[in-house]
file upload-v1.txt (compact mmCIF, C-alpha atoms)
# COMPACT_ATOMS: atom_id res chain seq x y z
CA LYS J 62 0.00 0.00 0.00
CA PHE J 63 2.82 2.42 0.84
CA GLY J 64 5.45 1.06 -1.60
CA SER J 65 9.01 1.70 -0.50
CA MET J 66 8.06 4.43 1.98
CA PRO J 67 8.58 2.22 5.10
CA GLN J 68 12.17 1.43 4.05
CA ILE J 69 12.85 5.11 3.35
CA LEU J 70 11.50 6.09 6.77
CA VAL J 71 13.71 3.49 8.47
CA TRP J 72 16.88 4.93 6.90
CA LEU J 73 15.79 8.47 7.70
CA GLY J 74 15.23 7.31 11.27
CA TYR J 75 18.83 6.07 11.45
CA LEU J 76 20.10 9.49 10.31
CA GLU J 77 17.87 11.24 12.85
CA LEU J 78 19.21 8.96 15.60
CA PHE J 79 22.83 9.89 14.90
CA GLY J 80 21.89 13.56 14.68
CA PHE J 81 20.13 13.32 18.05
CA LEU J 82 23.19 11.69 19.62
CA ALA J 83 25.40 14.45 18.24
CA ILE J 84 23.17 17.15 19.72
CA ILE J 85 22.98 15.48 23.14
CA ASN J 86 26.77 15.07 23.39
CA MET J 87 27.26 18.68 22.28
CA GLN J 88 24.85 19.99 24.90
CA GLU J 89 26.51 17.89 27.61
CA GLY J 90 29.87 19.44 26.73
CA LYS J 91 31.46 16.18 25.62
CA THR J 92 32.41 17.70 22.23
CA ASP J 93 33.08 21.20 20.96
CA ARG J 94 30.88 20.53 17.94
CA LYS J 95 29.05 23.48 16.42
CA PRO J 96 25.32 23.21 15.53
CA GLY J 97 24.88 21.50 12.18
CA ASP J 98 28.49 20.28 11.99
CA PHE J 99 28.73 16.57 11.14
CA GLY J 100 32.42 16.54 10.22
CA LEU J 101 31.88 16.55 6.43
CA ARG J 102 34.79 18.50 4.95
CA GLY J 103 34.75 17.56 1.26
CA PHE J 104 33.98 21.04 -0.13
CA TYR J 105 34.57 23.08 3.00
CA PRO J 106 36.94 26.07 2.67
CA GLN J 107 40.13 26.07 4.70
CA ASP J 108 40.22 29.75 5.60
CA ALA J 109 38.01 31.29 8.29
CA LYS J 110 36.40 33.86 5.94
CA GLY J 111 35.47 31.19 3.41
CA GLN J 112 33.95 29.04 6.16
CA TYR J 113 31.95 31.99 7.47
CA ASP J 114 30.64 32.88 4.01
CA MET J 115 29.60 29.29 3.30
CA GLN J 116 27.79 29.03 6.64
CA VAL J 117 25.84 32.22 5.91
CA LYS J 118 24.90 30.95 2.43
CA GLU J 119 23.76 27.61 3.84
CA LEU J 120 21.67 29.33 6.51
CA ARG J 121 19.98 31.66 4.02
CA ASN J 122 19.38 28.94 1.43
CA GLY J 123 17.98 26.68 4.12
CA ARG J 124 15.50 29.31 5.28
CA LEU J 125 14.49 30.00 1.69
CA ALA J 126 14.09 26.26 1.02
CA MET J 127 11.80 25.85 4.05
CA LEU J 128 9.52 28.59 2.74
CA ALA J 129 9.69 27.23 -0.82
CA PHE J 130 8.85 23.68 0.19
CA SER J 131 5.96 24.88 2.34
CA GLY J 132 4.61 26.77 -0.66
CA ILE J 133 5.02 23.79 -3.00
CA ALA J 134 3.24 21.46 -0.58
CA THR J 135 0.42 23.99 -0.07
CA VAL J 136 -0.12 24.48 -3.81
CA GLY J 137 -0.13 20.72 -4.35
CA VAL J 138 -2.79 20.23 -1.67
CA LEU J 139 -4.98 23.09 -2.92
CA THR J 140 -4.80 22.15 -6.62
CA GLN J 141 -4.67 18.36 -6.16
CA GLU J 142 -2.39 18.34 -9.21
CA LYS J 143 1.19 17.30 -9.91
CA TRP J 144 3.97 19.64 -10.96
CA PRO J 145 3.73 22.19 -12.58
CA PHE J 146 0.30 22.40 -10.83
CA PHE J 147 -1.19 24.78 -13.41
CA ASP J 148 -1.94 24.29 -17.13
CA ALA J 149 -0.42 27.62 -17.97
CA VAL J 150 3.03 28.86 -18.85
CA VAL J 151 4.20 31.70 -16.66
CA ASN J 152 7.11 33.72 -17.99
CA ALA J 153 9.27 34.93 -15.17
CA VAL J 154 10.70 38.42 -15.47
CA PRO J 155 14.37 38.39 -14.47
CA ALA J 156 15.23 40.82 -11.75
CA GLU J 157 18.09 43.16 -12.55
CA ARG J 158 18.78 44.00 -8.99
CA LYS J 159 21.51 42.12 -7.30
CA ALA J 160 20.96 40.72 -3.86
CA SER J 161 22.71 42.65 -1.19
CA SER J 162 25.63 41.00 0.51
CA ALA J 163 23.83 41.11 3.82
CA SER J 164 20.20 40.71 4.77
CA SER J 165 18.45 41.97 7.84
CA PHE J 166 15.80 39.30 7.30
CA CYS J 167 18.29 36.48 7.50
CA GLY J 168 20.11 38.07 10.38
CA ASN J 169 23.78 38.39 10.95
CA VAL J 170 25.94 35.52 12.09
CA ALA J 171 28.54 36.46 14.66
CA ARG J 172 32.03 35.83 13.44
CA SER J 173 34.25 33.59 15.43
CA ARG J 174 38.01 33.80 15.34
CA ALA J 175 38.27 30.09 15.95
CA SER J 176 37.92 27.99 12.81
CA THR J 177 35.13 25.44 12.77
CA MET J 178 37.74 23.01 11.52
CA ALA J 179 39.06 22.83 15.06
CA ARG J 180 38.27 19.60 16.78
CA GLN J 181 38.49 18.59 20.37
CA ALA J 182 41.23 16.01 20.86
CA ALA J 183 38.71 13.58 22.38
CA THR J 184 36.42 13.24 19.35
CA SER J 185 35.83 9.95 17.57
CA LYS J 186 37.87 9.27 14.44
CA SER J 187 35.05 7.50 12.65
CA MET J 188 32.30 9.89 13.79
CA PRO J 189 33.93 13.27 14.49
CA PHE J 190 30.70 14.84 15.74
CA LEU J 191 30.60 12.42 18.70
CA PRO J 192 33.02 12.05 21.64
CA LYS J 193 35.82 9.50 21.57
CA PRO J 194 34.91 6.25 23.38
CA GLN J 195 37.13 5.98 26.43
CA ASN J 196 37.05 2.20 26.96
CA LEU J 197 38.03 0.78 23.57
CA GLY J 198 41.78 1.06 24.08
CA GLY J 199 43.73 -2.17 23.67
CA LEU J 200 41.05 -3.95 21.65
CA VAL J 201 41.64 -5.03 18.08
CA GLY J 202 39.56 -2.72 15.91
CA GLY J 203 39.22 -0.17 18.71
CA GLU J 204 41.38 2.29 16.79
CA ALA J 205 38.30 3.15 14.68
CA GLU J 206 36.73 4.57 17.87
CA PHE J 207 33.24 3.61 16.72
CA ASP J 208 30.72 3.43 19.54
CA PRO J 209 28.00 6.00 18.74
CA LEU J 210 25.54 4.67 21.33
CA GLY J 211 28.10 4.62 24.12
CA PHE J 212 27.68 0.95 25.01
CA SER J 213 31.31 0.71 26.16
CA ASP J 214 30.62 3.42 28.74
CA THR J 215 27.89 1.33 30.36
CA PHE J 216 28.75 -2.34 29.81
CA ASP J 217 31.91 -4.41 30.18
CA VAL J 218 33.73 -3.85 26.88
CA LYS J 219 35.26 -7.35 26.98
CA TRP J 220 31.79 -8.86 27.24
CA LEU J 221 30.61 -6.67 24.35
CA ARG J 222 33.53 -7.78 22.18
CA GLU J 223 32.83 -11.41 23.07
CA ALA J 224 29.24 -10.99 21.92
CA GLU J 225 30.30 -9.20 18.73
CA LEU J 226 32.78 -11.90 17.77
CA LYS J 227 30.30 -14.65 18.56
CA HIS J 228 27.54 -13.11 16.47
CA GLY J 229 30.00 -12.39 13.67
CA ARG J 230 31.20 -16.00 13.59
CA VAL J 231 27.66 -17.34 13.66
CA CYS J 232 26.62 -15.00 10.83
CA MET J 233 29.63 -16.00 8.70
CA LEU J 234 28.39 -19.57 8.93
CA ALA J 235 24.78 -18.47 8.50
CA THR J 236 25.42 -16.59 5.25
CA ILE J 237 26.95 -19.73 3.75
CA GLY J 238 24.09 -21.90 4.97
CA PHE J 239 21.43 -19.42 3.89
CA ALA J 240 22.75 -19.34 0.33
CA ALA J 241 23.46 -23.09 0.16
CA GLU J 242 20.03 -24.10 1.51
CA GLN J 243 18.52 -23.48 -1.90
CA TYR J 244 20.79 -26.08 -3.52
CA VAL J 245 22.10 -28.47 -0.83
CA GLN J 246 20.32 -30.11 2.09
CA PHE J 247 21.40 -32.32 4.96
CA PRO J 248 20.29 -35.95 4.76
CA GLY J 249 16.71 -36.29 5.95
CA CYS J 250 15.85 -32.61 5.39
CA PRO J 251 13.36 -31.76 2.62
CA GLU J 252 14.31 -29.34 -0.13
CA THR J 253 13.34 -25.80 0.87
CA PRO J 254 14.34 -23.07 -1.64
CA ASP J 255 13.31 -20.28 0.73
CA ALA J 256 15.75 -20.64 3.63
CA LEU J 257 13.39 -18.76 5.94
CA GLN J 258 10.96 -21.67 5.71
CA ALA J 259 13.58 -24.29 6.62
CA ILE J 260 12.79 -23.94 10.31
CA TYR J 261 9.25 -25.15 9.55
CA THR J 262 10.19 -27.96 7.15
CA ALA J 263 13.16 -29.42 9.04
CA PRO J 264 12.48 -32.58 11.09
CA VAL J 265 11.72 -31.84 14.71
CA ASN J 266 14.38 -34.22 16.03
CA LEU J 267 17.12 -32.53 13.98
CA THR J 268 15.99 -29.10 15.14
CA GLY J 269 16.05 -30.28 18.75
CA LEU J 270 19.51 -31.77 18.28
CA LEU J 271 20.78 -28.49 16.84
CA LEU J 272 19.39 -26.51 19.78
CA PHE J 273 20.89 -28.96 22.28
CA ALA J 274 24.32 -28.80 20.62
CA ALA J 275 24.25 -25.00 20.53
CA GLY J 276 23.21 -24.82 24.18
CA TYR J 277 25.92 -27.26 25.23
CA ILE J 278 28.64 -25.34 23.41
CA GLU J 279 27.35 -22.07 24.86
CA SER J 280 27.37 -23.29 28.45
CA SER J 281 30.50 -25.46 28.44
CA SER J 282 32.69 -22.85 26.72
CA TYR J 283 32.49 -20.53 29.73
CA ASN J 284 32.02 -23.06 32.54
CA GLY J 285 28.48 -21.81 33.01
CA LYS J 286 29.51 -18.15 33.32
CA LEU J 287 27.47 -16.37 30.67
CA THR J 288 26.67 -12.92 32.02
CA MET J 289 28.82 -9.81 31.89
CA LEU J 290 29.05 -9.97 35.70
CA ASP J 291 30.95 -13.26 35.87
CA MET J 292 32.25 -14.23 32.39
CA PHE J 293 35.59 -12.49 32.86
CA GLU J 294 36.05 -13.11 36.58
CA GLY J 295 38.50 -15.54 38.13
CA GLU J 296 40.15 -17.69 35.47
CA GLY J 297 38.11 -15.91 32.83
CA ALA J 298 40.02 -12.68 33.48
CA LYS J 299 43.06 -14.20 31.76
CA ARG J 300 41.13 -14.99 28.59
CA ALA J 301 40.96 -12.57 25.67
CA PRO J 302 37.46 -11.90 24.30
CA GLY J 303 36.59 -14.48 21.67
CA ASP J 304 39.38 -16.87 22.67
CA LEU J 305 37.74 -20.28 23.11
CA ASN J 306 41.04 -22.20 22.81
CA PHE J 307 39.86 -23.60 19.49
CA GLY J 308 42.06 -23.60 16.40
CA LYS J 309 44.84 -21.61 18.05
CA ARG J 310 47.49 -23.77 16.41
CA PHE J 311 46.64 -22.12 13.10
CA LEU J 312 47.28 -18.61 14.47
CA PRO J 313 50.55 -16.82 13.61
CA THR J 314 53.14 -16.74 16.37
CA ASP J 315 53.99 -13.11 15.62
CA LYS J 316 51.71 -10.76 17.58
CA ALA J 317 51.44 -8.22 14.75
CA GLU J 318 50.36 -10.88 12.28
CA ALA J 319 47.93 -12.33 14.83
CA ASP J 320 46.37 -8.87 15.32
CA VAL J 321 45.96 -8.50 11.54
CA LEU J 322 44.20 -11.86 11.39
CA ALA J 323 41.98 -10.89 14.34
CA THR J 324 41.08 -7.63 12.60
CA LYS J 325 40.13 -9.53 9.45
CA GLU J 326 37.91 -11.86 11.46
CA LEU J 327 36.25 -8.92 13.17
CA SER J 328 35.66 -7.04 9.90
CA ASN J 329 34.34 -10.12 8.09
CA GLY J 330 32.10 -10.89 11.04
CA ARG J 331 30.62 -7.40 10.97
CA LEU J 332 30.10 -7.67 7.22
CA ALA J 333 28.47 -11.08 7.65
CA MET J 334 26.02 -9.68 10.22
CA LEU J 335 24.95 -7.01 7.75
CA ALA J 336 24.89 -9.51 4.87
CA PHE J 337 22.75 -12.02 6.75
CA SER J 338 20.33 -9.26 7.75
CA GLY J 339 20.09 -8.26 4.10
CA MET J 340 19.46 -11.86 3.01
CA VAL J 341 16.65 -12.28 5.51
CA HIS J 342 15.11 -8.97 4.50
CA HIS J 343 15.40 -9.89 0.81
CA ASN J 344 13.44 -13.11 1.28
CA LEU J 345 10.79 -11.27 3.30
CA VAL J 346 10.42 -8.62 0.60
CA VAL J 347 10.25 -10.93 -2.44
CA LYS J 348 8.48 -13.65 -0.44
CA GLY J 349 10.70 -16.27 -2.02
CA PRO J 350 14.22 -17.71 -2.26
CA LEU J 351 17.47 -15.77 -2.30
CA PHE J 352 18.19 -16.44 -5.96
CA PRO J 353 17.29 -14.99 -8.36
CA LEU J 354 17.50 -11.67 -6.54
CA PHE J 355 14.60 -10.33 -8.59
CA PRO J 356 12.11 -13.14 -9.26
CA GLU J 357 10.33 -13.24 -12.58
CA GLY J 358 7.16 -11.17 -12.46
CA TRP J 359 8.16 -9.37 -9.26
CA GLU J 360 6.62 -5.88 -9.33
CA GLY J 361 8.27 -4.28 -6.33
CA PRO J 362 8.16 -4.25 -2.54
CA GLN J 363 4.46 -3.36 -2.30
CA GLY J 364 2.93 -5.45 0.44
CA SER J 365 6.29 -6.81 1.59
CA TRP J 366 5.61 -5.42 5.06
CA ASP J 367 2.15 -6.98 5.14
CA LEU J 368 2.95 -9.40 7.95
CA ASP J 369 0.43 -11.26 10.05
CA SER J 370 0.44 -8.63 12.75
CA THR J 371 -1.31 -5.44 13.81
CA ALA J 372 1.25 -3.36 11.90
CA GLY J 373 0.76 -5.53 8.83
CA ALA J 374 -3.01 -5.16 9.05
CA LEU J 375 -2.67 -1.37 9.24
CA ASN J 376 -0.26 -1.37 6.31
CA SER J 377 -2.52 -3.46 4.07
CA GLY J 378 -5.73 -1.69 5.07
CA ARG J 379 -7.34 -4.83 6.46
CA LEU J 380 -8.56 -2.84 9.45
CA GLY J 381 -10.34 -0.37 7.19
CA LEU J 382 -8.06 2.55 8.13

call {"tool": "encode", "arguments": {"input": "upload-v1.txt", "output": "structure tokens"}}
result
Amino acid sequence: KFGSMPQILVWLGYLELFGFLAIINMQEGKTDRKPGDFGLRGFYPQDAKGQYDMQVKELRNGRLAMLAFSGIATVGVLTQEKWPFFDAVVNAVPAERKASSASSFCGNVARSRASTMARQAATSKSMPFLPKPQNLGGLVGGEAEFDPLGFSDTFDVKWLREAELKHGRVCMLATIGFAAEQYVQFPGCPETPDALQAIYTAPVNLTGLLLFAAGYIESSSYNGKLTMLDMFEGEGAKRAPGDLNFGKRFLPTDKAEADVLATKELSNGRLAMLAFSGMVHHNLVVKGPLFPLFPEGWEGPQGSWDLDSTAGALNSGRLGL
């Protein structure tokens, strides 16, 4: 019913979330970020005067755009027509007057001697409009300083890294299994092209065996210590996050090479988590198998969010709204 609008709103929500975090950290004094500054410097002038002039232009154009968009939306509602709204050609008369260099309507922005290029030393490298995470030091991959939600300030960072590595490893296996399910099956399992349906078609005894094996590995790997309060206490304090004493003979003896390999595992695990999420979403949208990516006769994502739920009923109009 709404086409791709739900997906668009989700991505806009992500952008709004990061913007909200930037504002909160700025107001709390954790960064010296200026309003509207998200660290994008591609076309930003280097000199203070050029920066000031560009800020004034952006402010004025933004105010003009808000008025213009309000007018466009109002005309569209009143005429119930698409652009150009009217079946008439209006010839605009060019104005010969040049706009003044300053405008009392737009106001005057106070100059600052300090360049907006200046950055507080404790800002994140990956997200320069947020403060630098203080508890990622010493971890492989921590040099990116990426923790926009501040989890490492609240939870044990070793426990967080353990969870990240575990989910990454599982998703690396899951991406292979998700793609292979369409072509290869275990003995005794029926052919199920849509991997999302395999949980329903797999024999109950095999599903139970899989859950038992996963639970046993989960509990025995940490001697029953699973929470962030006790996983790295006692003997566990000597263990590096993700080190389950499995396959260590294949690791390089040189620490630098071992760190490179650990970084590759971490990066591939993060990519696999995103990839697996995309695979699942793909099958939900097309309501079919992973391949081909665009099934024959597929007309788009309309109705892909029409799940058997209250939200799905609202989306499809089944409730008459």

call {"tool": "residues_near_point", "arguments": {"input": "upload-v1.txt", "point": "(13.6, -9.4, -2.4)", "cutoff": "12 Å", "atoms": "all atoms listed in the file", "output": "ChimeraX atom specification"}}
result
/J:255,339-357,359-366

call {"tool": "closest_residue", "arguments": {"input": "upload-v1.txt", "among": "J:Leu272, J:Met289, J:Ile260, J:Leu78", "to": "Thr215 in chain J", "atoms": "all atoms listed in the file"}}
result
J:Met289

call {"tool": "residues_around", "arguments": {"input": "upload-v1.txt", "residues": "Asp214 in chain J", "least_positions_apart": "3", "cutoff": "8 Å", "atoms": "all atoms listed in the file", "output": "number ranges by chain"}}
result
J: 194-196, 211

call {"tool": "write_last_selection", "arguments": {"input": "upload-v1.txt", "atoms": "C-alpha atoms", "output": "mmCIF file, in the coordinates of the input"}}
result
data_model
loop_
_atom_site.group_PDB
_atom_site.id
_atom_site.type_symbol
_atom_site.label_atom_id
_atom_site.label_comp_id
_atom_site.auth_asym_id
_atom_site.auth_seq_id
_atom_site.Cartn_x
_atom_site.Cartn_y
_atom_site.Cartn_z
ATOM 1 C CA PRO J 194 34.910 6.250 23.380
ATOM 2 C CA GLN J 195 37.130 5.980 26.430
ATOM 3 C CA ASN J 196 37.050 2.200 26.960
ATOM 4 C CA GLY J 211 28.100 4.620 24.120
#

call {"tool": "atom_distance", "arguments": {"input": "upload-v1.txt", "atom1": "CA of Ser187 in chain J", "atom2": "CA of Ala317 in chain J"}}
result
22.8 Å

call {"tool": "closest_residue", "arguments": {"input": "upload-v1.txt", "among": "J:Val231, J:Val136, J:Val71, J:Val117", "to": "Gly330 in chain J", "atoms": "all atoms listed in the file"}}
result
J:Val231

call {"tool": "closest_residue", "arguments": {"input": "upload-v1.txt", "among": "J:Ile133, J:Thr184, J:Gly111, J:Leu332", "to": "Arg94 in chain J", "atoms": "all atoms listed in the file"}}
result
J:Thr184

call {"tool": "residues_around", "arguments": {"input": "upload-v1.txt", "residues": "range 198-203 of chain J", "least_positions_apart": "4", "cutoff": "10 Å", "atoms": "all atoms listed in the file", "output": "list of chain:residue names"}}
result
J:Pro194, J:Phe207, J:Asp208, J:Val218, J:Lys219, J:Arg222, J:Ala301, J:Pro302, J:Asp320, J:Val321, J:Leu322, J:Ala323, J:Thr324, J:Lys325, J:Leu327, J:Ser328

call {"tool": "atom_distance", "arguments": {"input": "upload-v1.txt", "atom1": "CA of Asn86 in chain J", "atom2": "CA of Ala183 in chain J"}}
result
12.1 Å

call {"tool": "closest_residue", "arguments": {"input": "upload-v1.txt", "among": "J:Pro248, J:Leu101, J:Ala83, J:Ser282", "to": "Phe307 in chain J", "atoms": "only C-alpha atoms"}}
result
J:Ser282
